[in-house]
$ cat coords34.pdb   # PDB, C-alpha atoms
MODEL        1
ATOM      1  CA  MET A   1      97.807  96.634 106.360  1.00  0.00           C
ATOM      2  CA  ALA A   2      94.550  95.137 105.215  1.00  0.00           C
ATOM      3  CA  GLU A   3      94.417  91.436 104.578  1.00  0.00           C
ATOM      4  CA  PRO A   4      93.910  90.506 100.878  1.00  0.00           C
ATOM      5  CA  VAL A   5      90.391  89.431  99.964  1.00  0.00           C
ATOM      6  CA  PHE A   6      89.940  86.154  98.056  1.00  0.00           C
ATOM      7  CA  TYR A   7      86.681  85.576  96.221  1.00  0.00           C
ATOM      8  CA  SER A   8      85.469  82.023  96.161  1.00  0.00           C
ATOM      9  CA  VAL A   9      84.838  80.632  92.688  1.00  0.00           C
ATOM     10  CA  PRO A  10      82.694  77.476  92.570  1.00  0.00           C
ATOM     11  CA  ARG A  11      84.572  74.406  91.410  1.00  0.00           C
ATOM     12  CA  ILE A  12      83.029  72.000  88.913  1.00  0.00           C
ATOM     13  CA  LYS A  13      82.679  69.324  91.583  1.00  0.00           C
ATOM     14  CA  ASP A  14      80.844  71.819  93.799  1.00  0.00           C
ATOM     15  CA  LEU A  15      78.151  72.373  91.189  1.00  0.00           C
ATOM     16  CA  ALA A  16      74.898  70.469  91.362  1.00  0.00           C
ATOM     17  CA  VAL A  17      75.195  67.184  89.499  1.00  0.00           C
ATOM     18  CA  GLY A  18      72.650  68.314  86.915  1.00  0.00           C
ATOM     19  CA  GLU A  19      74.766  71.384  86.094  1.00  0.00           C
ATOM     20  CA  ARG A  20      78.065  69.574  85.497  1.00  0.00           C
ATOM     21  CA  PRO A  21      78.951  69.379  81.773  1.00  0.00           C
ATOM     22  CA  GLN A  22      80.039  65.745  81.873  1.00  0.00           C
ATOM     23  CA  GLU A  23      76.842  64.543  83.546  1.00  0.00           C
ATOM     24  CA  ARG A  24      74.711  66.637  81.196  1.00  0.00           C
ATOM     25  CA  GLN A  25      76.513  65.216  78.162  1.00  0.00           C
ATOM     26  CA  GLU A  26      76.069  61.654  79.427  1.00  0.00           C
ATOM     27  CA  ARG A  27      72.375  62.319  79.993  1.00  0.00           C
ATOM     28  CA  SER A  28      71.450  64.422  76.954  1.00  0.00           C
ATOM     29  CA  GLY A  29      74.286  63.986  74.446  1.00  0.00           C
ATOM     30  CA  PRO A  30      77.016  66.372  73.229  1.00  0.00           C
ATOM     31  CA  THR A  31      74.625  68.753  71.454  1.00  0.00           C
ATOM     32  CA  ALA A  32      73.139  69.730  74.831  1.00  0.00           C
ATOM     33  CA  LEU A  33      76.365  71.483  75.823  1.00  0.00           C
ATOM     34  CA  THR A  34      77.312  75.021  74.859  1.00  0.00           C
ATOM     35  CA  ASP A  35      80.571  75.795  73.070  1.00  0.00           C
ATOM     36  CA  SER A  36      82.187  76.927  76.320  1.00  0.00           C
ATOM     37  CA  GLU A  37      81.036  73.778  78.090  1.00  0.00           C
ATOM     38  CA  GLN A  38      82.594  71.601  75.389  1.00  0.00           C
ATOM     39  CA  LEU A  39      85.835  73.525  75.855  1.00  0.00           C
ATOM     40  CA  ALA A  40      85.547  72.921  79.600  1.00  0.00           C
ATOM     41  CA  MET A  41      85.290  69.183  78.851  1.00  0.00           C
ATOM     42  CA  LEU A  42      88.590  69.379  76.988  1.00  0.00           C
ATOM     43  CA  LEU A  43      90.340  71.477  79.624  1.00  0.00           C
ATOM     44  CA  ARG A  44      89.095  69.136  82.392  1.00  0.00           C
ATOM     45  CA  SER A  45      90.398  71.213  85.311  1.00  0.00           C
ATOM     46  CA  GLY A  46      90.806  74.843  86.307  1.00  0.00           C
ATOM     47  CA  SER A  47      93.547  76.742  88.070  1.00  0.00           C
ATOM     48  CA  ALA A  48      93.928  78.423  91.454  1.00  0.00           C
ATOM     49  CA  GLY A  49      90.885  80.589  92.078  1.00  0.00           C
ATOM     50  CA  ARG A  50      89.294  79.886  88.677  1.00  0.00           C
ATOM     51  CA  ASN A  51      87.187  76.920  87.734  1.00  0.00           C
ATOM     52  CA  VAL A  52      87.369  75.321  84.336  1.00  0.00           C
ATOM     53  CA  LYS A  53      84.085  76.859  83.142  1.00  0.00           C
ATOM     54  CA  CYS A  54      85.460  80.374  83.716  1.00  0.00           C
ATOM     55  CA  ILE A  55      88.623  79.550  81.778  1.00  0.00           C
ATOM     56  CA  ALA A  56      86.589  78.053  78.928  1.00  0.00           C
ATOM     57  CA  GLU A  57      84.389  81.153  78.733  1.00  0.00           C
ATOM     58  CA  ASP A  58      87.473  83.427  78.632  1.00  0.00           C
ATOM     59  CA  LEU A  59      88.985  81.243  75.928  1.00  0.00           C
ATOM     60  CA  LEU A  60      85.869  81.425  73.780  1.00  0.00           C
ATOM     61  CA  ALA A  61      85.612  85.183  74.264  1.00  0.00           C
ATOM     62  CA  ALA A  62      89.263  85.625  73.215  1.00  0.00           C
ATOM     63  CA  ALA A  63      88.489  83.682  70.028  1.00  0.00           C
ATOM     64  CA  GLY A  64      85.716  86.132  69.142  1.00  0.00           C
ATOM     65  CA  GLY A  65      82.931  84.045  70.626  1.00  0.00           C
ATOM     66  CA  ASN A  66      83.296  81.408  67.926  1.00  0.00           C
ATOM     67  CA  LEU A  67      85.016  78.016  68.095  1.00  0.00           C
ATOM     68  CA  ALA A  68      86.196  78.456  64.508  1.00  0.00           C
ATOM     69  CA  GLY A  69      88.320  81.334  65.730  1.00  0.00           C
ATOM     70  CA  LEU A  70      90.537  78.813  67.536  1.00  0.00           C
ATOM     71  CA  LEU A  71      91.512  76.916  64.388  1.00  0.00           C
ATOM     72  CA  THR A  72      94.546  79.103  63.706  1.00  0.00           C
ATOM     73  CA  TRP A  73      95.709  79.404  67.305  1.00  0.00           C
ATOM     74  CA  SER A  74      99.155  78.266  68.365  1.00  0.00           C
ATOM     75  CA  ALA A  75     100.214  77.047  71.806  1.00  0.00           C
ATOM     76  CA  THR A  76     101.455  80.582  72.521  1.00  0.00           C
ATOM     77  CA  ASP A  77      98.003  81.986  71.775  1.00  0.00           C
ATOM     78  CA  PHE A  78      96.356  79.559  74.172  1.00  0.00           C
ATOM     79  CA  ARG A  79      98.804  80.367  76.951  1.00  0.00           C
ATOM     80  CA  ARG A  80      97.791  84.034  76.837  1.00  0.00           C
ATOM     81  CA  VAL A  81      94.477  83.000  78.405  1.00  0.00           C
ATOM     82  CA  LYS A  82      94.792  82.978  82.189  1.00  0.00           C
ATOM     83  CA  GLY A  83      94.591  79.459  83.552  1.00  0.00           C
ATOM     84  CA  ILE A  84      95.999  77.677  80.479  1.00  0.00           C
ATOM     85  CA  GLY A  85      99.537  76.436  80.939  1.00  0.00           C
ATOM     86  CA  ARG A  86     101.999  74.632  78.713  1.00  0.00           C
ATOM     87  CA  VAL A  87     100.396  71.163  78.911  1.00  0.00           C
ATOM     88  CA  LYS A  88      96.816  72.343  78.332  1.00  0.00           C
ATOM     89  CA  ALA A  89      97.969  74.534  75.436  1.00  0.00           C
ATOM     90  CA  GLN A  90      99.626  71.585  73.700  1.00  0.00           C
ATOM     91  CA  GLN A  91      96.564  69.398  74.279  1.00  0.00           C
ATOM     92  CA  LEU A  92      94.330  72.000  72.672  1.00  0.00           C
ATOM     93  CA  VAL A  93      96.680  72.340  69.700  1.00  0.00           C
ATOM     94  CA  SER A  94      96.474  68.550  69.217  1.00  0.00           C
ATOM     95  CA  VAL A  95      92.675  68.561  69.396  1.00  0.00           C
ATOM     96  CA  LEU A  96      92.474  71.253  66.730  1.00  0.00           C
ATOM     97  CA  GLU A  97      94.946  69.431  64.507  1.00  0.00           C
ATOM     98  CA  ILE A  98      92.837  66.280  64.752  1.00  0.00           C
ATOM     99  CA  ALA A  99      89.748  68.306  63.833  1.00  0.00           C
ATOM    100  CA  ARG A 100      91.506  69.778  60.780  1.00  0.00           C
ATOM    101  CA  ARG A 101      92.650  66.350  59.612  1.00  0.00           C
ATOM    102  CA  MET A 102      89.177  64.902  60.028  1.00  0.00           C
ATOM    103  CA  LEU A 103      87.722  67.682  57.882  1.00  0.00           C
ATOM    104  CA  GLU A 104      90.375  67.203  55.207  1.00  0.00           C
ATOM    105  CA  GLN A 105      89.863  63.444  55.094  1.00  0.00           C
ATOM    106  CA  ARG A 106      86.083  63.782  54.997  1.00  0.00           C
ATOM    107  CA  ASP A 107      86.269  66.116  52.022  1.00  0.00           C
ATOM    108  CA  THR A 108      88.685  63.891  50.091  1.00  0.00           C
ATOM    109  CA  LEU A 109      87.040  61.584  47.570  1.00  0.00           C
ATOM    110  CA  PRO A 110      87.760  57.865  47.941  1.00  0.00           C
ATOM    111  CA  PRO A 111      90.336  56.651  45.405  1.00  0.00           C
ATOM    112  CA  LEU A 112      89.210  55.961  41.855  1.00  0.00           C
ATOM    113  CA  LEU A 113      90.180  52.392  40.962  1.00  0.00           C
ATOM    114  CA  GLU A 114      89.111  51.440  37.456  1.00  0.00           C
ATOM    115  CA  ARG A 115      92.485  50.690  35.818  1.00  0.00           C
ATOM    116  CA  PRO A 116      95.216  48.252  36.886  1.00  0.00           C
ATOM    117  CA  ASP A 117      97.847  50.999  37.082  1.00  0.00           C
ATOM    118  CA  GLN A 118      95.626  52.809  39.611  1.00  0.00           C
ATOM    119  CA  VAL A 119      95.392  49.615  41.650  1.00  0.00           C
ATOM    120  CA  LEU A 120      99.188  49.283  41.526  1.00  0.00           C
ATOM    121  CA  GLY A 121      99.588  52.864  42.713  1.00  0.00           C
ATOM    122  CA  TYR A 122      97.132  52.300  45.561  1.00  0.00           C
ATOM    123  CA  PHE A 123      99.002  49.242  46.848  1.00  0.00           C
ATOM    124  CA  GLN A 124     102.562  49.802  45.673  1.00  0.00           C
ATOM    125  CA  GLY A 125     104.323  50.969  48.812  1.00  0.00           C
ATOM    126  CA  GLU A 126     102.642  48.278  50.888  1.00  0.00           C
ATOM    127  CA  VAL A 127     103.134  45.363  48.506  1.00  0.00           C
ATOM    128  CA  LEU A 128     106.869  45.936  48.159  1.00  0.00           C
ATOM    129  CA  ARG A 129     107.308  45.066  51.845  1.00  0.00           C
ATOM    130  CA  LEU A 130     105.400  41.765  51.714  1.00  0.00           C
ATOM    131  CA  ASN A 131     107.100  38.386  51.619  1.00  0.00           C
ATOM    132  CA  VAL A 132     103.835  36.431  51.745  1.00  0.00           C
ATOM    133  CA  GLU A 133     100.997  36.239  49.273  1.00  0.00           C
ATOM    134  CA  LYS A 134      97.845  38.129  50.204  1.00  0.00           C
ATOM    135  CA  PHE A 135      94.481  38.388  48.489  1.00  0.00           C
ATOM    136  CA  TRP A 136      92.214  41.425  48.751  1.00  0.00           C
ATOM    137  CA  VAL A 137      88.831  42.428  47.426  1.00  0.00           C
ATOM    138  CA  LEU A 138      88.222  46.081  46.581  1.00  0.00           C
ATOM    139  CA  SER A 139      84.512  46.903  46.756  1.00  0.00           C
ATOM    140  CA  LEU A 140      83.581  49.791  44.460  1.00  0.00           C
ATOM    141  CA  ASN A 141      80.579  52.068  44.037  1.00  0.00           C
ATOM    142  CA  ARG A 142      78.905  52.757  40.697  1.00  0.00           C
ATOM    143  CA  LYS A 143      81.581  55.356  39.879  1.00  0.00           C
ATOM    144  CA  ASN A 144      84.396  52.874  40.596  1.00  0.00           C
ATOM    145  CA  ARG A 145      85.442  54.631  43.781  1.00  0.00           C
ATOM    146  CA  LEU A 146      86.528  52.539  46.732  1.00  0.00           C
ATOM    147  CA  LEU A 147      83.874  51.677  49.305  1.00  0.00           C
ATOM    148  CA  ARG A 148      86.021  49.339  51.358  1.00  0.00           C
ATOM    149  CA  ARG A 149      89.007  47.040  51.145  1.00  0.00           C
ATOM    150  CA  ASP A 150      89.079  43.607  52.726  1.00  0.00           C
ATOM    151  CA  GLU A 151      91.912  41.140  53.087  1.00  0.00           C
ATOM    152  CA  ILE A 152      90.546  37.706  52.257  1.00  0.00           C
ATOM    153  CA  SER A 153      93.602  35.536  52.787  1.00  0.00           C
ATOM    154  CA  SER A 154      97.243  35.631  53.751  1.00  0.00           C
ATOM    155  CA  GLY A 155      99.737  32.813  53.387  1.00  0.00           C
ATOM    156  CA  THR A 156     102.839  31.615  51.644  1.00  0.00           C
ATOM    157  CA  ALA A 157     103.481  32.269  47.998  1.00  0.00           C
ATOM    158  CA  THR A 158     102.448  28.688  47.179  1.00  0.00           C
ATOM    159  CA  ASN A 159      99.401  28.360  49.411  1.00  0.00           C
ATOM    160  CA  SER A 160      96.838  31.133  49.184  1.00  0.00           C
ATOM    161  CA  LEU A 161      93.296  29.828  49.628  1.00  0.00           C
ATOM    162  CA  VAL A 162      90.489  32.004  48.227  1.00  0.00           C
ATOM    163  CA  HIS A 163      86.845  31.062  47.893  1.00  0.00           C
ATOM    164  CA  PRO A 164      84.358  33.177  45.887  1.00  0.00           C
ATOM    165  CA  ARG A 165      81.944  33.008  48.815  1.00  0.00           C
ATOM    166  CA  GLU A 166      84.384  34.932  51.013  1.00  0.00           C
ATOM    167  CA  VAL A 167      85.128  37.473  48.291  1.00  0.00           C
ATOM    168  CA  PHE A 168      81.517  38.334  47.505  1.00  0.00           C
ATOM    169  CA  ARG A 169      80.348  38.196  51.118  1.00  0.00           C
ATOM    170  CA  GLU A 170      82.392  41.323  51.822  1.00  0.00           C
ATOM    171  CA  ALA A 171      81.270  43.013  48.608  1.00  0.00           C
ATOM    172  CA  ILE A 172      77.612  42.395  49.425  1.00  0.00           C
ATOM    173  CA  LYS A 173      78.107  43.829  52.923  1.00  0.00           C
ATOM    174  CA  ALA A 174      79.592  46.955  51.348  1.00  0.00           C
ATOM    175  CA  GLY A 175      76.735  47.345  48.865  1.00  0.00           C
ATOM    176  CA  ALA A 176      79.268  47.193  46.033  1.00  0.00           C
ATOM    177  CA  CYS A 177      78.323  47.598  42.377  1.00  0.00           C
ATOM    178  CA  SER A 178      81.600  46.009  41.286  1.00  0.00           C
ATOM    179  CA  ILE A 179      84.787  44.564  42.701  1.00  0.00           C
ATOM    180  CA  ILE A 180      88.436  44.251  41.804  1.00  0.00           C
ATOM    181  CA  ALA A 181      90.202  41.149  43.075  1.00  0.00           C
ATOM    182  CA  VAL A 182      93.846  41.803  43.906  1.00  0.00           C
ATOM    183  CA  HIS A 183      96.696  39.612  45.043  1.00  0.00           C
ATOM    184  CA  ASN A 184     100.467  39.891  45.079  1.00  0.00           C
ATOM    185  CA  HIS A 185     103.319  37.659  43.986  1.00  0.00           C
ATOM    186  CA  PRO A 186     106.189  38.039  46.460  1.00  0.00           C
ATOM    187  CA  SER A 187     108.616  36.912  43.730  1.00  0.00           C
ATOM    188  CA  GLY A 188     107.852  40.182  41.942  1.00  0.00           C
ATOM    189  CA  ASP A 189     106.820  38.452  38.684  1.00  0.00           C
ATOM    190  CA  PRO A 190     103.073  39.047  38.269  1.00  0.00           C
ATOM    191  CA  ALA A 191     102.561  36.408  35.552  1.00  0.00           C
ATOM    192  CA  PRO A 192      99.495  34.303  36.494  1.00  0.00           C
ATOM    193  CA  SER A 193      99.790  30.727  37.648  1.00  0.00           C
ATOM    194  CA  ASN A 194      97.325  27.970  36.808  1.00  0.00           C
ATOM    195  CA  ALA A 195      95.789  28.478  40.264  1.00  0.00           C
ATOM    196  CA  ASP A 196      95.337  32.199  39.509  1.00  0.00           C
ATOM    197  CA  LEU A 197      93.547  31.354  36.266  1.00  0.00           C
ATOM    198  CA  GLN A 198      91.255  28.933  38.082  1.00  0.00           C
ATOM    199  CA  VAL A 199      90.398  31.417  40.826  1.00  0.00           C
ATOM    200  CA  THR A 200      89.586  34.051  38.212  1.00  0.00           C
ATOM    201  CA  ARG A 201      87.208  31.710  36.397  1.00  0.00           C
ATOM    202  CA  GLN A 202      85.458  30.907  39.672  1.00  0.00           C
ATOM    203  CA  LEU A 203      85.118  34.589  40.568  1.00  0.00           C
ATOM    204  CA  ARG A 204      83.784  35.384  37.092  1.00  0.00           C
ATOM    205  CA  GLU A 205      81.039  32.764  37.432  1.00  0.00           C
ATOM    206  CA  ALA A 206      80.168  33.832  40.983  1.00  0.00           C
ATOM    207  CA  ALA A 207      79.946  37.482  39.892  1.00  0.00           C
ATOM    208  CA  ARG A 208      77.245  36.588  37.389  1.00  0.00           C
ATOM    209  CA  THR A 209      75.266  34.798  40.080  1.00  0.00           C
ATOM    210  CA  VAL A 210      75.317  37.635  42.622  1.00  0.00           C
ATOM    211  CA  GLU A 211      75.082  40.346  39.914  1.00  0.00           C
ATOM    212  CA  ILE A 212      78.169  42.218  41.081  1.00  0.00           C
ATOM    213  CA  THR A 213      80.593  43.047  38.292  1.00  0.00           C
ATOM    214  CA  LEU A 214      84.069  41.570  38.486  1.00  0.00           C
ATOM    215  CA  LEU A 215      85.823  44.609  37.049  1.00  0.00           C
ATOM    216  CA  ASP A 216      89.271  43.008  37.101  1.00  0.00           C
ATOM    217  CA  HIS A 217      91.637  40.641  38.827  1.00  0.00           C
ATOM    218  CA  VAL A 218      95.012  42.296  39.217  1.00  0.00           C
ATOM    219  CA  ILE A 219      98.204  40.534  40.234  1.00  0.00           C
ATOM    220  CA  LEU A 220     100.808  42.845  41.736  1.00  0.00           C
ATOM    221  CA  GLY A 221     104.558  42.376  41.470  1.00  0.00           C
ATOM    222  CA  ARG A 222     107.553  44.638  40.916  1.00  0.00           C
ATOM    223  CA  PRO A 223     108.457  46.324  37.629  1.00  0.00           C
ATOM    224  CA  ALA A 224     112.091  45.176  37.908  1.00  0.00           C
ATOM    225  CA  ALA A 225     110.989  41.529  38.104  1.00  0.00           C
ATOM    226  CA  ASP A 226     108.255  41.801  35.485  1.00  0.00           C
ATOM    227  CA  PRO A 227     109.311  40.953  31.890  1.00  0.00           C
ATOM    228  CA  THR A 228     106.802  43.574  30.676  1.00  0.00           C
ATOM    229  CA  GLY A 229     108.243  46.192  33.057  1.00  0.00           C
ATOM    230  CA  ARG A 230     104.781  47.165  34.331  1.00  0.00           C
ATOM    231  CA  GLY A 231     104.770  45.456  37.701  1.00  0.00           C
ATOM    232  CA  TYR A 232     101.243  44.091  37.384  1.00  0.00           C
ATOM    233  CA  TYR A 233      99.093  41.655  35.410  1.00  0.00           C
ATOM    234  CA  SER A 234      95.486  42.492  34.551  1.00  0.00           C
ATOM    235  CA  PHE A 235      93.110  39.697  33.571  1.00  0.00           C
ATOM    236  CA  ARG A 236      90.829  42.283  31.940  1.00  0.00           C
ATOM    237  CA  GLU A 237      93.629  43.733  29.839  1.00  0.00           C
ATOM    238  CA  ALA A 238      94.560  40.179  28.862  1.00  0.00           C
ATOM    239  CA  GLY A 239      91.025  39.607  27.577  1.00  0.00           C
ATOM    240  CA  LEU A 240      90.181  36.966  30.183  1.00  0.00           C
ATOM    241  CA  LEU A 241      87.322  38.932  31.766  1.00  0.00           C
TER     242      LEU A 241
ENDMDL
END

$ encode --input "coords34.pdb" --output "structure tokens"
Amino acid sequence: MAEPVFYSVPRIKDLAVGERPQERQERSGPTALTDSEQLAMLLRSGSAGRNVKCIAEDLLAAAGGNLAGLLTWSATDFRRVKGIGRVKAQQLVSVLEIARRMLEQRDTLPPLLERPDQVLGYFQGEVLRLNVEKFWVLSLNRKNRLLRRDEISSGTATNSLVHPREVFREAIKAGACSIIAVHNHPSGDPAPSNADLQVTRQLREAARTVEITLLDHVILGRPAADPTGRGYYSFREAGLL
């Protein structure tokens, strides 16, 4: 009986350094690699008798020669390709899920924050869990959509230190056209204190100096503890801005 013949398939580590996908990517960047080479980077290793580049090429061919063809694949689909086992299949499913989420998040517009009820909705789930007073600045673009959110201070309900310099420093970094100052009252009653009134006056004057609109200062509480039942206090709605 004839002995079986085994054909040697070059392993990645046996390739010349200049031909290895990882070294080429480090040298020339990710765009220098083909689709199958990028798949090989994800797979990392081959199986008995087949190097990772061969498996990646088979995988791409099974997807119709297009990476987009993999977007709907399940772990079962991946395992039909010789050389891809249970662990690699699950890793590939995770990579594709991350890619889908990134695309969805990129295409989603930043939140529109031009009314105090929108600010309440943006923070509500988070604020309900806080037992300390925090102060944030929401930097907005010219359409009142959020550019970035920065926490300026965090402390006890009776000692929250906020300086206009800190507030507008972050807004200037963000290239904001306007800002909304936001802080919470852990008691749940959003009625402003004398300190809140003073901070608002300071922010209003600073806004004129740096030419960034102070769209509002919103104090967040809880509807059940708010005599008005709204769960927030807006200095703009109160006519103080």

$ closest_residue --input "coords34.pdb" --among "A:Arg115, A:Arg148, A:His183, A:Arg101" --to "Val132 of chain A" --atoms "all atoms listed in the file"
A:His183

$ resolve_selection --input "coords34.pdb" --expression "the PyMOL selection byres ((chain A and resi 67-77) around 12)" --output "ChimeraX atom specification"
/A:34-39,56-57,59-66,78-82,84-101,103

$ write_last_selection --input "coords34.pdb" --atoms "C-alpha atoms" --output "short mmCIF file (atom, residue, chain, number, x, y, z; two decimals), keeping the file's coordinate frame"
data_model
loop_
_atom_site.label_atom_id
_atom_site.label_comp_id
_atom_site.auth_asym_id
_atom_site.auth_seq_id
_atom_site.Cartn_x
_atom_site.Cartn_y
_atom_site.Cartn_z
CA THR A 34 77.31 75.02 74.86
CA ASP A 35 80.57 75.80 73.07
CA SER A 36 82.19 76.93 76.32
CA GLU A 37 81.04 73.78 78.09
CA GLN A 38 82.59 71.60 75.39
CA LEU A 39 85.84 73.53 75.86
CA ALA A 56 86.59 78.05 78.93
CA GLU A 57 84.39 81.15 78.73
CA LEU A 59 88.98 81.24 75.93
CA LEU A 60 85.87 81.42 73.78
CA ALA A 61 85.61 85.18 74.26
CA ALA A 62 89.26 85.62 73.22
CA ALA A 63 88.49 83.68 70.03
CA GLY A 64 85.72 86.13 69.14
CA GLY A 65 82.93 84.04 70.63
CA ASN A 66 83.30 81.41 67.93
CA PHE A 78 96.36 79.56 74.17
CA ARG A 79 98.80 80.37 76.95
CA ARG A 80 97.79 84.03 76.84
CA VAL A 81 94.48 83.00 78.40
CA LYS A 82 94.79 82.98 82.19
CA ILE A 84 96.00 77.68 80.48
CA GLY A 85 99.54 76.44 80.94
CA ARG A 86 102.00 74.63 78.71
CA VAL A 87 100.40 71.16 78.91
CA LYS A 88 96.82 72.34 78.33
CA ALA A 89 97.97 74.53 75.44
CA GLN A 90 99.63 71.58 73.70
CA GLN A 91 96.56 69.40 74.28
CA LEU A 92 94.33 72.00 72.67
CA VAL A 93 96.68 72.34 69.70
CA SER A 94 96.47 68.55 69.22
CA VAL A 95 92.68 68.56 69.40
CA LEU A 96 92.47 71.25 66.73
CA GLU A 97 94.95 69.43 64.51
CA ILE A 98 92.84 66.28 64.75
CA ALA A 99 89.75 68.31 63.83
CA ARG A 100 91.51 69.78 60.78
CA ARG A 101 92.65 66.35 59.61
CA LEU A 103 87.72 67.68 57.88
#

$ closest_residue --input "coords34.pdb" --among "A:Asn194, A:Ser45, A:Asn184, A:Gln124" --to "Ser154 of chain A" --atoms "all atoms listed in the file"
A:Asn184

$ residues_around --input "coords34.pdb" --residues "Ala238 of chain A" --least-positions-apart "4" --cutoff "12 Å" --atoms "all atoms listed in the file" --output "mmCIF file with C-alpha atoms, in the frame of the given file"
data_model
loop_
_atom_site.group_PDB
_atom_site.id
_atom_site.type_symbol
_atom_site.label_atom_id
_atom_site.label_comp_id
_atom_site.auth_asym_id
_atom_site.auth_seq_id
_atom_site.Cartn_x
_atom_site.Cartn_y
_atom_site.Cartn_z
ATOM 1 C CA PRO A 116 95.216 48.252 36.886
ATOM 2 C CA ALA A 191 102.561 36.408 35.552
ATOM 3 C CA PRO A 192 99.495 34.303 36.494
ATOM 4 C CA LEU A 197 93.547 31.354 36.266
ATOM 5 C CA ASP A 216 89.271 43.008 37.101
ATOM 6 C CA HIS A 217 91.637 40.641 38.827
ATOM 7 C CA VAL A 218 95.012 42.296 39.217
ATOM 8 C CA ILE A 219 98.204 40.534 40.234
ATOM 9 C CA TYR A 232 101.243 44.091 37.384
ATOM 10 C CA TYR A 233 99.093 41.655 35.410
ATOM 11 C CA SER A 234 95.486 42.492 34.551
#

$ resolve_selection --input "coords34.pdb" --expression "the PyMOL selection byres ((chain A and resi 128) around 10)" --output "PyMOL selection string"
chain A and resi 123-127+129-131+184-186+188+220-222

$ write_last_selection --input "coords34.pdb" --atoms "C-alpha atoms" --output "PDB file, in the frame of the given file"
ATOM      1  CA  PHE A 123      99.002  49.242  46.848  1.00  0.00           C
ATOM      2  CA  GLN A 124     102.562  49.802  45.673  1.00  0.00           C
ATOM      3  CA  GLY A 125     104.323  50.969  48.812  1.00  0.00           C
ATOM      4  CA  GLU A 126     102.642  48.278  50.888  1.00  0.00           C
ATOM      5  CA  VAL A 127     103.134  45.363  48.506  1.00  0.00           C
ATOM      6  CA  ARG A 129     107.308  45.066  51.845  1.00  0.00           C
ATOM      7  CA  LEU A 130     105.400  41.765  51.714  1.00  0.00           C
ATOM      8  CA  ASN A 131     107.100  38.386  51.619  1.00  0.00           C
ATOM      9  CA  ASN A 184     100.467  39.891  45.079  1.00  0.00           C
ATOM     10  CA  HIS A 185     103.319  37.659  43.986  1.00  0.00           C
ATOM     11  CA  PRO A 186     106.189  38.039  46.460  1.00  0.00           C
ATOM     12  CA  GLY A 188     107.852  40.182  41.942  1.00  0.00           C
ATOM     13  CA  LEU A 220     100.808  42.845  41.736  1.00  0.00           C
ATOM     14  CA  GLY A 221     104.558  42.376  41.470  1.00  0.00           C
ATOM     15  CA  ARG A 222     107.553  44.638  40.916  1.00  0.00           C
TER      16      ARG A 222
END

$ atom_distance --input "coords34.pdb" --atom1 "atom CA of Pro110 of chain A" --atom2 "atom CA of Leu203 of chain A"
24.6 Å

$ atom_distance --input "coords34.pdb" --atom1 "atom CA of Arg230 of chain A" --atom2 "atom CA of Leu113 of chain A"
16.9 Å

$ resolve_selection --input "coords34.pdb" --expression "the PyMOL selection byres ((chain A and resi 160-169) around 12)" --output "ChimeraX atom specification"
/A:132-139,149-159,170-186,193,195-196,198-214,217

$ atom_distance --input "coords34.pdb" --atom1 "atom CA of Ser187 of chain A" --atom2 "atom CA of Arg236 of chain A"
22.0 Å

$ closest_residue --input "coords34.pdb" --among "A:Lys53, A:Met41, A:Asp117, A:Arg142" --to "Gln25 of chain A" --atoms "only C-alpha atoms"
A:Met41
